[in-house]
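upload-v4.txt follows; it contains compact mmCIF, C-alpha atoms.
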```txt
# COMPACT_ATOMS: atom_id res chain seq x y z
CA MET A 22 117.28 92.10 111.53
CA THR A 23 116.33 92.87 107.95
CA GLN A 24 115.73 96.52 107.11
CA LEU A 25 112.71 96.58 104.86
CA LEU A 26 111.82 99.14 102.22
CA ARG A 27 108.12 99.81 102.77
CA VAL A 28 105.50 101.74 100.83
CA GLN A 29 102.71 102.76 103.21
CA ASN A 30 99.35 104.44 102.85
CA PHE A 31 99.88 105.10 99.17
CA ASN A 32 96.63 106.07 97.50
CA VAL A 33 95.42 105.41 93.98
CA SER A 34 92.11 105.50 92.11
CA SER A 35 90.37 102.38 90.83
CA ASP A 36 92.14 103.02 87.52
CA GLY A 37 95.53 103.22 89.21
CA VAL A 38 96.00 106.99 89.09
CA ALA A 39 97.92 108.60 91.96
CA ALA A 40 98.62 112.08 90.63
CA GLY A 41 98.00 114.35 87.68
CA GLU A 42 100.54 115.70 85.26
CA ASP A 43 99.99 119.35 86.13
CA GLN A 44 101.48 119.60 89.58
CA SER A 45 101.87 123.19 90.81
CA PHE A 46 102.34 125.13 94.00
CA ASP A 47 98.57 125.39 94.45
CA SER A 48 97.87 121.83 93.35
CA PRO A 49 100.39 119.45 94.94
CA PHE A 50 98.72 116.44 93.33
CA GLY A 51 97.99 118.14 90.03
CA LEU A 52 94.69 116.33 90.10
CA ALA A 53 91.21 117.73 90.80
CA GLY A 54 89.57 115.67 93.53
CA ALA A 55 92.79 114.08 94.78
CA GLU A 56 91.57 114.53 98.36
CA ARG A 57 89.00 111.82 97.69
CA LEU A 58 91.91 109.37 97.50
CA PHE A 59 92.98 109.90 101.10
CA ALA A 60 89.74 110.78 102.88
CA TRP A 61 89.70 107.25 104.36
CA ALA A 62 92.96 107.99 106.20
CA GLY A 63 91.88 111.38 107.50
CA ALA A 64 88.86 109.74 109.15
CA THR A 65 91.00 107.50 111.39
CA ALA A 66 92.13 108.19 114.94
CA SER A 67 95.81 107.60 114.09
CA TRP A 68 96.10 109.80 111.00
CA PRO A 69 99.47 111.50 111.57
CA ARG A 70 98.12 114.95 110.79
CA ARG A 71 95.06 114.68 113.05
CA THR A 72 94.92 117.49 115.58
CA ASP A 73 91.63 116.78 117.38
CA PRO A 74 90.60 113.65 119.30
CA GLY A 75 88.15 111.25 117.72
CA GLY A 76 88.35 109.24 114.53
CA SER A 77 87.67 105.60 113.77
CA ARG A 78 89.67 102.73 115.29
CA GLY A 79 88.74 99.91 112.93
CA LEU A 80 90.61 98.39 110.00
CA ASP A 81 91.67 101.66 108.38
CA ASP A 82 93.19 102.81 111.65
CA TYR A 83 95.52 99.79 111.74
CA LEU A 84 96.88 100.99 108.43
CA THR A 85 97.40 104.61 109.48
CA ARG A 86 98.88 103.77 112.86
CA ASP A 87 101.44 101.50 111.28
CA TYR A 88 102.77 104.47 109.29
CA ALA A 89 105.69 105.25 111.62
CA HIS A 90 106.13 101.80 113.16
CA ASN A 91 109.82 100.86 113.07
CA ILE A 92 110.50 103.46 110.35
CA GLY A 93 113.94 105.07 110.60
CA ALA A 94 114.09 107.09 107.39
CA GLU A 95 112.02 108.08 104.36
CA ILE A 96 112.86 108.36 100.69
CA MET A 97 110.75 110.66 98.54
CA GLY A 98 110.81 111.98 95.01
CA ARG A 99 111.43 115.65 94.46
CA ASN A 100 107.79 116.25 93.52
CA LYS A 101 106.64 115.15 96.96
CA PHE A 102 108.87 117.83 98.42
CA GLY A 103 107.73 120.68 96.19
CA PRO A 104 106.66 121.73 92.70
CA GLN A 105 110.01 123.13 91.57
CA ARG A 106 111.82 121.74 88.54
CA GLY A 107 115.44 122.27 87.56
CA PRO A 108 118.01 124.09 89.72
CA TRP A 109 116.68 125.35 93.09
CA GLN A 110 115.81 129.06 92.80
CA ASP A 111 114.65 129.72 96.33
CA HIS A 112 116.29 128.07 99.34
CA GLN A 113 113.95 129.96 101.67
CA TRP A 114 111.00 127.81 100.68
CA ARG A 115 111.43 124.56 102.55
CA GLY A 116 108.82 122.23 101.15
CA TRP A 117 105.15 121.52 101.41
CA TRP A 118 105.33 119.95 104.85
CA GLY A 119 105.30 122.96 107.15
CA GLU A 120 107.30 123.58 110.31
CA GLU A 121 106.26 120.24 111.82
CA PRO A 122 106.64 117.67 109.04
CA PRO A 123 104.93 114.34 109.76
CA PHE A 124 108.07 112.26 109.09
CA HIS A 125 110.11 112.60 112.33
CA THR A 126 113.15 110.93 110.73
CA PRO A 127 115.77 111.77 108.14
CA VAL A 128 114.14 112.23 104.72
CA PHE A 129 116.08 111.70 101.49
CA VAL A 130 114.71 113.79 98.62
CA MET A 131 115.84 112.43 95.25
CA THR A 132 116.95 115.19 92.91
CA HIS A 133 119.65 115.85 90.36
CA HIS A 134 120.06 119.30 91.91
CA ARG A 135 121.80 119.28 95.26
CA ARG A 136 121.05 121.74 98.03
CA PRO A 137 122.13 121.84 101.68
CA SER A 138 120.34 119.67 104.23
CA PHE A 139 118.09 121.40 106.76
CA THR A 140 116.06 120.41 109.78
CA LEU A 141 112.46 121.29 110.58
CA SER A 142 111.40 120.12 114.05
CA ASP A 143 112.56 116.46 114.22
CA THR A 144 112.72 115.91 110.45
CA THR A 145 115.95 116.49 108.51
CA PHE A 146 115.72 116.78 104.73
CA HIS A 147 118.70 115.63 102.68
CA PHE A 148 118.88 116.19 98.90
CA VAL A 149 120.55 113.32 97.12
CA ASP A 150 121.41 112.35 93.59
CA GLY A 151 121.91 108.70 92.73
CA SER A 152 120.29 105.48 91.61
CA PRO A 153 117.49 103.99 93.72
CA ALA A 154 119.95 101.41 95.11
CA GLU A 155 122.44 104.10 96.09
CA VAL A 156 119.84 106.28 97.76
CA LEU A 157 118.42 103.27 99.57
CA GLU A 158 121.84 102.46 100.93
CA GLN A 159 122.16 105.97 102.37
CA ALA A 160 118.67 105.84 103.85
CA ARG A 161 119.30 102.44 105.43
CA GLU A 162 122.40 103.72 107.12
CA ALA A 163 120.53 106.77 108.44
CA ALA A 164 117.66 104.54 109.65
CA GLN A 165 119.97 102.95 112.24
CA GLY A 166 118.46 99.49 112.00
CA GLY A 167 114.92 100.67 111.32
CA ASP A 168 112.99 100.19 108.11
CA VAL A 169 112.90 102.75 105.31
CA ARG A 170 109.61 104.17 104.09
CA LEU A 171 109.33 104.81 100.38
CA GLY A 172 107.05 107.83 100.48
CA GLY A 173 106.28 108.33 96.80
CA GLY A 174 105.23 109.93 94.58
CA VAL A 175 104.12 107.48 92.00
CA THR A 176 107.09 107.99 89.66
CA THR A 177 109.52 107.29 92.48
CA ILE A 178 107.68 104.14 93.53
CA ARG A 179 107.72 102.89 89.95
CA GLN A 180 111.50 103.48 89.82
CA PHE A 181 112.07 101.41 92.94
CA LEU A 182 109.72 98.67 91.77
CA ALA A 183 111.58 98.53 88.47
CA ALA A 184 114.83 98.14 90.42
CA ASP A 185 113.15 95.39 92.50
CA LEU A 186 114.00 97.08 95.79
CA VAL A 187 110.56 97.23 97.42
CA ASP A 188 109.87 94.69 100.21
CA THR A 189 106.31 95.54 101.25
CA MET A 190 103.70 97.85 99.79
CA HIS A 191 100.36 99.08 101.07
CA VAL A 192 98.22 100.71 98.41
CA ALA A 193 94.71 101.93 99.20
CA VAL A 194 92.52 101.83 96.10
CA SER A 195 89.60 104.26 96.23
CA PRO A 196 86.32 103.81 94.37
CA VAL A 197 86.91 106.84 92.18
CA LYS A 198 88.12 106.97 88.57
CA PHE A 199 90.25 109.70 87.02
CA GLY A 200 90.73 108.44 83.49
CA SER A 201 94.06 110.20 83.00
CA GLY A 202 97.08 111.00 85.13
CA LEU A 203 100.18 109.30 86.47
CA ARG A 204 99.47 105.65 87.12
CA LEU A 205 101.02 103.24 89.57
CA TRP A 206 99.77 100.33 87.47
CA GLU A 207 97.28 99.24 84.89
CA SER A 208 96.34 96.47 87.31
CA PRO A 209 97.78 95.24 90.64
CA ASP A 210 98.15 91.83 89.00
CA GLU A 211 101.26 93.15 87.25
CA LEU A 212 103.13 92.63 90.51
CA LEU A 213 102.02 89.09 91.29
CA ASP A 214 105.09 87.51 89.77
CA ARG A 215 107.20 89.01 92.54
CA PHE A 216 104.79 89.67 95.40
CA HIS A 217 102.20 87.97 97.55
CA LEU A 218 99.02 90.07 97.71
CA ASP A 219 96.21 90.33 100.26
CA VAL A 220 93.24 92.27 98.88
CA VAL A 221 91.24 93.63 101.81
CA PRO A 222 88.04 95.60 101.25
CA SER A 223 87.43 98.10 104.04
CA PRO A 224 83.99 99.13 105.29
CA SER A 225 85.08 102.70 104.45
CA GLY A 226 84.91 101.92 100.74
CA VAL A 227 88.62 101.69 99.91
CA THR A 228 90.28 98.37 99.16
CA HIS A 229 93.63 97.88 100.82
CA HIS A 230 96.21 96.05 98.73
CA LEU A 231 98.97 94.56 100.86
CA PHE A 232 101.98 93.27 98.95
CA TRP A 233 105.00 91.46 100.30
CA ARG A 234 107.92 90.01 98.47
CA LYS A 235 107.85 86.33 97.51
CA MET B 27 96.43 111.84 125.31
CA THR B 28 93.83 109.21 126.16
CA GLN B 29 95.17 105.95 127.53
CA LEU B 30 93.12 103.23 125.91
CA LEU B 31 92.33 99.80 127.28
CA ARG B 32 92.87 97.47 124.32
CA VAL B 33 92.19 93.78 123.73
CA GLN B 34 94.50 92.51 120.99
CA ASN B 35 94.92 89.28 119.10
CA PHE B 36 92.29 87.53 121.18
CA ASN B 37 91.21 84.28 119.55
CA VAL B 38 87.85 82.54 119.59
CA SER B 39 86.12 79.81 117.60
CA SER B 40 83.18 80.47 115.31
CA ASP B 41 80.95 79.59 118.26
CA GLY B 42 82.71 82.12 120.52
CA VAL B 43 84.78 79.65 122.57
CA ALA B 44 88.19 80.87 123.78
CA ALA B 45 89.13 78.21 126.34
CA GLY B 46 87.95 74.99 127.93
CA GLU B 47 86.92 74.46 131.49
CA ASP B 48 89.65 71.96 132.31
CA GLN B 49 92.75 74.11 132.34
CA SER B 50 95.81 72.32 133.74
CA PHE B 51 99.56 72.61 133.78
CA ASP B 52 99.79 70.49 130.63
CA SER B 53 96.84 72.12 128.93
CA PRO B 54 96.98 75.90 129.36
CA PHE B 55 93.83 76.39 127.31
CA GLY B 56 92.01 73.35 128.67
CA LEU B 57 90.81 72.78 125.15
CA ALA B 58 91.91 70.14 122.64
CA GLY B 59 92.86 71.85 119.38
CA ALA B 60 93.22 75.33 120.88
CA GLU B 61 96.33 75.86 118.74
CA ARG B 62 94.03 76.02 115.71
CA LEU B 63 92.74 79.31 117.10
CA PHE B 64 96.06 81.09 116.86
CA ALA B 65 97.79 79.40 113.92
CA TRP B 66 97.00 82.51 111.81
CA ALA B 67 99.16 84.64 114.12
CA GLY B 68 102.07 82.21 114.22
CA ALA B 69 102.28 82.35 110.42
CA THR B 70 103.01 86.09 110.38
CA ALA B 71 106.42 87.80 110.28
CA SER B 72 105.64 89.92 113.36
CA TRP B 73 104.37 87.20 115.70
CA PRO B 74 106.05 88.15 118.99
CA ARG B 75 107.25 84.63 119.66
CA ARG B 76 108.73 84.07 116.18
CA THR B 77 112.39 83.11 116.34
CA ASP B 78 113.23 82.53 112.66
CA PRO B 79 112.96 84.96 109.74
CA GLY B 80 110.11 84.58 107.28
CA GLY B 81 106.37 84.74 107.77
CA SER B 82 103.64 86.59 105.93
CA ARG B 83 103.42 90.39 105.78
CA GLY B 84 99.83 90.85 104.67
CA LEU B 85 96.69 91.70 106.63
CA ASP B 86 97.29 89.29 109.52
CA ASP B 87 100.74 90.76 110.04
CA TYR B 88 99.28 94.22 110.62
CA LEU B 89 97.35 92.72 113.50
CA THR B 90 100.29 90.93 115.10
CA ARG B 91 102.70 93.82 114.68
CA ASP B 92 100.32 96.19 116.39
CA TYR B 93 100.47 93.98 119.51
CA ALA B 94 103.04 96.10 121.38
CA HIS B 95 102.38 99.44 119.66
CA ASN B 96 102.06 102.15 122.32
CA ILE B 97 101.36 99.53 125.03
CA GLY B 98 102.73 100.46 128.46
CA ALA B 99 101.25 97.72 130.66
CA GLU B 100 99.17 94.54 130.50
CA ILE B 101 96.36 93.24 132.69
CA MET B 102 95.74 89.49 132.74
CA GLY B 103 93.59 87.08 134.70
CA ARG B 104 95.28 84.62 136.98
CA ASN B 105 94.57 81.73 134.60
CA LYS B 106 96.66 83.35 131.90
CA PHE B 107 99.57 83.34 134.33
CA GLY B 108 99.26 79.74 135.48
CA PRO B 109 96.91 76.88 136.35
CA GLN B 110 97.01 77.29 140.16
CA ARG B 111 93.89 77.98 142.15
CA GLY B 112 93.66 79.24 145.75
CA PRO B 113 96.68 80.34 147.81
CA TRP B 114 100.04 80.16 146.01
CA GLN B 115 101.85 76.96 146.99
CA ASP B 116 105.02 77.36 145.00
CA HIS B 117 106.69 80.73 144.50
CA GLN B 118 109.49 79.11 142.54
CA TRP B 119 107.23 78.51 139.56
CA ARG B 120 106.97 81.84 137.82
CA GLY B 121 104.30 81.42 135.20
CA TRP B 122 103.82 79.94 131.76
CA TRP B 123 105.77 82.63 129.97
CA GLY B 124 109.38 81.51 130.37
CA GLU B 125 112.46 83.56 131.10
CA GLU B 126 111.73 85.98 128.22
CA PRO B 127 108.02 86.79 128.49
CA PRO B 128 106.59 88.47 125.37
CA PHE B 129 105.11 91.42 127.29
CA HIS B 130 108.13 93.72 127.90
CA THR B 131 106.09 95.93 130.27
CA PRO B 132 104.64 95.71 133.77
CA VAL B 133 101.96 92.99 133.90
CA PHE B 134 99.15 93.06 136.46
CA VAL B 135 97.88 89.57 137.31
CA MET B 136 94.44 89.70 138.92
CA THR B 137 94.16 87.37 141.89
CA HIS B 138 92.65 87.34 145.36
CA HIS B 139 95.91 85.80 146.58
CA ARG B 140 98.78 88.26 146.76
CA ARG B 141 102.38 87.32 146.16
CA PRO B 142 105.51 89.43 145.75
CA SER B 143 106.24 91.05 142.38
CA PHE B 144 109.13 89.68 140.34
CA THR B 145 110.90 90.52 137.12
CA LEU B 146 111.78 88.22 134.24
CA SER B 147 113.87 89.94 131.59
CA ASP B 148 112.04 93.23 130.88
CA THR B 149 108.65 92.08 132.18
CA THR B 150 107.62 92.65 135.81
CA PHE B 151 104.66 90.68 137.17
CA HIS B 152 102.55 92.30 139.88
CA PHE B 153 99.79 90.37 141.66
CA VAL B 154 96.83 92.55 142.47
CA ASP B 155 93.43 92.19 144.07
CA GLY B 156 90.70 94.68 143.23
CA SER B 157 87.86 95.55 140.93
CA PRO B 158 88.52 95.93 137.21
CA ALA B 159 88.38 99.72 137.59
CA GLU B 160 90.92 99.67 140.43
CA VAL B 161 93.32 97.38 138.60
CA LEU B 162 92.99 99.48 135.45
CA GLU B 163 93.92 102.57 137.43
CA GLN B 164 97.11 100.90 138.67
CA ALA B 165 97.97 99.66 135.19
CA ARG B 166 97.41 103.10 133.64
CA GLU B 167 99.76 104.67 136.11
CA ALA B 168 102.42 102.04 135.40
CA ALA B 169 101.93 102.50 131.63
CA GLN B 170 103.32 106.04 131.87
CA GLY B 171 101.08 107.52 129.24
CA GLY B 172 100.90 104.40 127.08
CA ASP B 173 97.85 102.27 126.49
CA VAL B 174 96.99 99.21 128.57
CA ARG B 175 96.54 95.81 126.95
CA LEU B 176 93.83 93.60 128.38
CA GLY B 177 95.44 90.24 127.77
CA GLY B 178 92.64 87.86 128.72
CA GLY B 179 91.64 85.15 129.38
CA VAL B 180 88.06 85.17 128.37
CA THR B 181 86.66 85.48 131.90
CA THR B 182 88.76 88.56 132.54
CA ILE B 183 87.70 90.19 129.28
CA ARG B 184 84.04 89.55 130.10
CA GLN B 185 84.56 91.21 133.50
CA PHE B 186 86.02 94.34 131.92
CA LEU B 187 83.32 94.42 129.24
CA ALA B 188 80.67 94.15 131.95
CA ALA B 189 82.30 97.11 133.73
CA ASP B 190 82.32 98.99 130.39
CA LEU B 191 86.05 99.70 130.59
CA VAL B 192 87.21 98.36 127.20
CA ASP B 193 88.01 100.94 124.51
CA THR B 194 89.08 98.79 121.57
CA MET B 195 89.01 95.06 120.96
CA HIS B 196 90.48 92.87 118.26
CA VAL B 197 89.06 89.36 118.21
CA ALA B 198 90.14 86.85 115.55
CA VAL B 199 87.35 84.35 114.86
CA SER B 200 88.62 81.06 113.47
CA PRO B 201 86.60 78.71 111.26
CA VAL B 202 86.56 75.95 113.89
CA LYS B 203 83.75 75.00 116.29
CA PHE B 204 84.20 73.59 119.79
CA GLY B 205 80.60 73.23 120.97
CA SER B 206 81.45 73.67 124.63
CA GLY B 207 83.87 75.74 126.66
CA LEU B 208 84.25 79.27 127.97
CA ARG B 209 82.67 81.71 125.57
CA LEU B 210 83.44 85.34 124.88
CA TRP B 211 79.98 85.77 123.39
CA GLU B 212 77.05 84.01 121.82
CA SER B 213 77.40 86.48 118.97
CA PRO B 214 79.54 89.60 118.39
CA ASP B 215 76.30 91.49 117.83
CA GLU B 216 75.84 91.58 121.60
CA LEU B 217 78.37 94.41 121.69
CA LEU B 218 76.92 96.60 118.96
CA ASP B 219 75.00 98.79 121.38
CA ARG B 220 78.31 100.14 122.72
CA PHE B 221 80.84 99.53 119.96
CA HIS B 222 81.44 100.18 116.30
CA LEU B 223 82.53 96.99 114.53
CA ASP B 224 84.55 96.32 111.39
CA VAL B 225 84.29 92.69 110.29
CA VAL B 226 87.32 91.86 108.14
CA PRO B 227 87.73 88.42 106.56
CA SER B 228 91.38 87.52 106.11
CA PRO B 229 92.74 85.40 103.26
CA SER B 230 94.14 83.13 106.01
CA GLY B 231 90.63 82.00 106.94
CA VAL B 232 90.12 83.90 110.19
CA THR B 233 87.74 86.84 110.39
CA HIS B 234 89.09 89.80 112.31
CA HIS B 235 86.54 91.63 114.42
CA LEU B 236 87.66 95.16 115.26
CA PHE B 237 85.58 96.95 117.89
CA TRP B 238 85.91 100.50 119.07
CA ARG B 239 83.80 102.41 121.53
CA LYS B 240 80.91 104.53 120.24
```
What's the structure tokens form of this structure?
Amino acid sequence: MTQLLRVQNFNVSSDGVAAGEDQSFDSPFGLAGAERLFAWAGATASWPRRTDPGGSRGLDDYLTRDYAHNIGAEIMGRNKFGPQRGPWQDHQWRGWWGEEPPFHTPVFVMTHHRRPSFTLSDTTFHFVDGSPAEVLEQAREAAQGGDVRLGGGVTTIRQFLAADLVDTMHVAVSPVKFGSGLRLWESPDELLDRFHLDVVPSPSGVTHHLFWRK
Amino acid sequence: MTQLLRVQNFNVSSDGVAAGEDQSFDSPFGLAGAERLFAWAGATASWPRRTDPGGSRGLDDYLTRDYAHNIGAEIMGRNKFGPQRGPWQDHQWRGWWGEEPPFHTPVFVMTHHRRPSFTLSDTTFHFVDGSPAEVLEQAREAAQGGDVRLGGGVTTIRQFLAADLVDTMHVAVSPVKFGSGLRLWESPDELLDRFHLDVVPSPSGVTHHLFWRK
């Protein structure tokens, strides 16, 4: 069975922006209005962070409920873990994801600055230095036959795309424009040389872009 | 956690036809050209009966790979099990689904004619008589907290819709017309009093109809 590397529920604006350049502790996305990018997901019944019953069960819900399907590990960039740069100053602070992180698998945080692994609930964070291919190899082994989710952020996804390691990618494009920030692409067409693409407008207003390797 | 009753990957023509009236051993659907209704699913990577690698991983694949997600039991009408009518004549013949049925859960076959349960691989078939509500209660208990899939055929789905027991329903409408046969509906709009509906055209040519209870 192939172990895929999958990007899932990654959100960008109509001009391809996924984050701002001024990430901070109080602004994880470094982008005013970033919550408009993922409102579609929060409205679904299967949103991993939903705590109350309810929510829609249409198209968007298929996307959110696939989030953990057959996933055995996640890879994320350091900026998805926290706003720190350089050597770790404070080992007490254990990331933005709280005591019950929504990953439920090993998570490999890419950083040039090692720190010891730790476990929160059923998620274990490992801090790894290496090329995308090397980190992917570690994550695949930890996934025990499952797929690996490439969790972002945008810089990390671009690295893995550049290394041609991504197998499938779901990007939700919201009808909002930021003008500046960190972009996934100028246009999704940039990827058509290597990927098939289904473009699926949702009644919620976002347009799901579903890529899979040719 | 609510246990949903879900219809998944159910296929009809543009005029609502899901099967013919002349079902037989050699023609499980009783409908010439029925395979055109589910060709979209067979083309996907996650089609449960796929034996070789390959297949698409776009929109249609989200639908096929959700087939088993959180499902703990299936309910089917007798005609989805086999072409027999009346009392069972031959207990040796154990259904259309082969030695490795694609269900992997308990399956409740609705019939007025009881026969002993049996197991093929990891699927156990039970033969039950009762109202839709009674059979659903048995299936929910067997599903051990999981959802229950309502597998069809069309007559069975109509029964459960009439009893207002269906929570979500995915119907793939193919661009083919049969003119006569057993219909799920005259029009999907018949269900809008009780269901939300996302209508999602797929690049493959089918239009996915995703219903969820209001």
Chain B residues within 10 Å of chain A, counting all atoms listed in the file: which ones, as a short mmCIF file (atom, residue, chain, number, x, y, z; two decimals) with C-alpha atoms, in the frame of the given file?
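New file result-v9.cif:
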```cif
data_model
loop_
_atom_site.label_atom_id
_atom_site.label_comp_id
_atom_site.auth_asym_id
_atom_site.auth_seq_id
_atom_site.Cartn_x
_atom_site.Cartn_y
_atom_site.Cartn_z
CA MET B 27 96.43 111.84 125.31
CA THR B 28 93.83 109.21 126.16
CA PRO B 79 112.96 84.96 109.74
CA SER B 82 103.64 86.59 105.93
CA ARG B 83 103.42 90.39 105.78
CA GLY B 84 99.83 90.85 104.67
CA LEU B 85 96.69 91.70 106.63
CA ASP B 86 97.29 89.29 109.52
CA TYR B 88 99.28 94.22 110.62
CA LEU B 89 97.35 92.72 113.50
CA ARG B 91 102.70 93.82 114.68
CA ASP B 92 100.32 96.19 116.39
CA HIS B 95 102.38 99.44 119.66
CA ASP B 193 88.01 100.94 124.51
CA THR B 194 89.08 98.79 121.57
CA MET B 195 89.01 95.06 120.96
CA HIS B 196 90.48 92.87 118.26
CA HIS B 222 81.44 100.18 116.30
CA LEU B 223 82.53 96.99 114.53
CA ASP B 224 84.55 96.32 111.39
CA VAL B 225 84.29 92.69 110.29
CA VAL B 226 87.32 91.86 108.14
CA PRO B 227 87.73 88.42 106.56
CA SER B 228 91.38 87.52 106.11
CA PRO B 229 92.74 85.40 103.26
CA SER B 230 94.14 83.13 106.01
CA HIS B 234 89.09 89.80 112.31
CA HIS B 235 86.54 91.63 114.42
CA LEU B 236 87.66 95.16 115.26
CA PHE B 237 85.58 96.95 117.89
CA TRP B 238 85.91 100.50 119.07
CA ARG B 239 83.80 102.41 121.53
CA LYS B 240 80.91 104.53 120.24
#
```
(request) Kindly give the distance, in Å, that separates atom CA of Asp185 of chain A and atom CA of Pro49 of chain A, rounded to a single decimal. (result)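 These atoms are spaced 27.3 Å apart.
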(request) Could you check how far atom CA of Arg175 of chain B sits from atom CA of Met102 of chain B, in Å to one decimal? (result)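 Between atom CA of Arg175 of chain B and atom CA of Met102 of chain B the gap is 8.6 Å.
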(request) Record the distance separating atom CA of Phe186 of chain B and atom CA of Thr149 of chain B, expressed in Å with one decimal. (result)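 Computing the Euclidean distance for atom CA of Phe186 of chain B and atom CA of Thr149 of chain B yields 22.7 Å.
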(message) Just checking: using all atoms listed in the file, which residue out of B:Gln29, B:Asn37, B:Gln185, B:Ser206 ends up closest to Gly98 of chain B?
(response)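 Checking each of B:Gln29, B:Asn37, B:Gln185, B:Ser206 against Gly98 of chain B, counting all atoms listed in the file, the winner is B:Gln29.
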(request) Do a neighbour search on Thr126 of chain A at 8 Å with all atoms listed in the file, toss out local chain neighbours closer than 4 positions, and write the hits as a count of residues only. (result) 8
(request) Identify the residues within 12 Å of coordinate (85.1, 82.5, 120.7) (same frame as the file), considering only C-alpha atoms, and give the answer as a ChimeraX atom specification. (result) /B:36-46,60,63-64,179-181,183-184,196-214,232-235
(message) At a cut-off of 8 Å, using all atoms listed in the file, what residues contact Ala159 of chain B? Leave out same-chain residues fewer than 3 positions from it and give the result as a VMD selection string.
(response) chain B and resid 156 162 to 163 189 191
(message) If we draw a sphere of 9 Å around (101.3, 120.2, 110.7), which residues have at least one atom in it when counting all atoms listed in the file? Please report them as an MDAnalysis selection string.
(response) chainID A and resid 69:72 118:123
Next, the residues of the selection above should be written as a PDB file, keeping the file's coordinate frame with C-alpha atoms.
```
ATOM      1  CA  PRO A  69      99.470 111.500 111.570  1.00  0.00           C
ATOM      2  CA  ARG A  70      98.120 114.950 110.790  1.00  0.00           C
ATOM      3  CA  ARG A  71      95.060 114.680 113.050  1.00  0.00           C
ATOM      4  CA  THR A  72      94.920 117.490 115.580  1.00  0.00           C
ATOM      5  CA  TRP A 118     105.330 119.950 104.850  1.00  0.00           C
ATOM      6  CA  GLY A 119     105.300 122.960 107.150  1.00  0.00           C
ATOM      7  CA  GLU A 120     107.300 123.580 110.310  1.00  0.00           C
ATOM      8  CA  GLU A 121     106.260 120.240 111.820  1.00  0.00           C
ATOM      9  CA  PRO A 122     106.640 117.670 109.040  1.00  0.00           C
ATOM     10  CA  PRO A 123     104.930 114.340 109.760  1.00  0.00           C
TER      11      PRO A 123
END
```
Enclose the full set of atoms of segment 154-172 of chain B listed in the file within a box whose edges lie along x, y and z, apply 3 Å of padding to each of the six sides, and report centre and edge lengths in Å to one decimal as AutoDock Vina command-line options.
```
--center_x 95.6 --center_y 99.9 --center_z 135.6 --size_x 21.5 --size_y 21.3 --size_z 23.0
```
(message) Which residues are close to segment 43-48 of chain A, i.e. within 9 Å by all atoms listed in the file, leaving aside same-chain residues fewer than 4 positions away? Reply as a VMD selection string.
(response) chain A and resid 52 to 53 100 103 to 105 117 202
Taking the partial coordinates given, rebuild segment 31-42 of chain A to contain N, CA and C atoms; return it as a compact mmCIF listing (two decimals), in the frame of the given file.
```
# COMPACT_ATOMS: atom_id res chain seq x y z
N PHE A 31 99.83 104.46 100.47
CA PHE A 31 99.88 105.10 99.17
C PHE A 31 98.51 104.94 98.51
N ASN A 32 98.02 106.03 97.95
CA ASN A 32 96.63 106.07 97.50
C ASN A 32 96.51 106.18 95.98
N VAL A 33 95.69 105.32 95.42
CA VAL A 33 95.42 105.41 93.98
C VAL A 33 93.92 105.25 93.73
N SER A 34 93.50 105.66 92.54
CA SER A 34 92.11 105.50 92.11
C SER A 34 91.91 104.07 91.61
N SER A 35 90.66 103.74 91.32
CA SER A 35 90.37 102.38 90.83
C SER A 35 91.04 102.14 89.49
N ASP A 36 91.38 103.21 88.75
CA ASP A 36 92.14 103.02 87.52
C ASP A 36 93.64 103.30 87.71
N GLY A 37 94.09 103.23 88.96
CA GLY A 37 95.53 103.22 89.21
C GLY A 37 96.21 104.57 89.23
N VAL A 38 95.42 105.64 89.17
CA VAL A 38 96.00 106.99 89.09
C VAL A 38 96.30 107.53 90.49
N ALA A 39 97.51 108.06 90.66
CA ALA A 39 97.92 108.60 91.96
C ALA A 39 98.15 110.10 91.92
N ALA A 40 98.34 110.65 90.75
CA ALA A 40 98.62 112.08 90.63
C ALA A 40 98.33 112.51 89.19
N GLY A 41 98.19 113.83 89.03
CA GLY A 41 98.00 114.35 87.68
C GLY A 41 99.33 114.80 87.10
N GLU A 42 99.29 115.29 85.89
CA GLU A 42 100.54 115.70 85.26
C GLU A 42 100.80 117.19 85.42
```
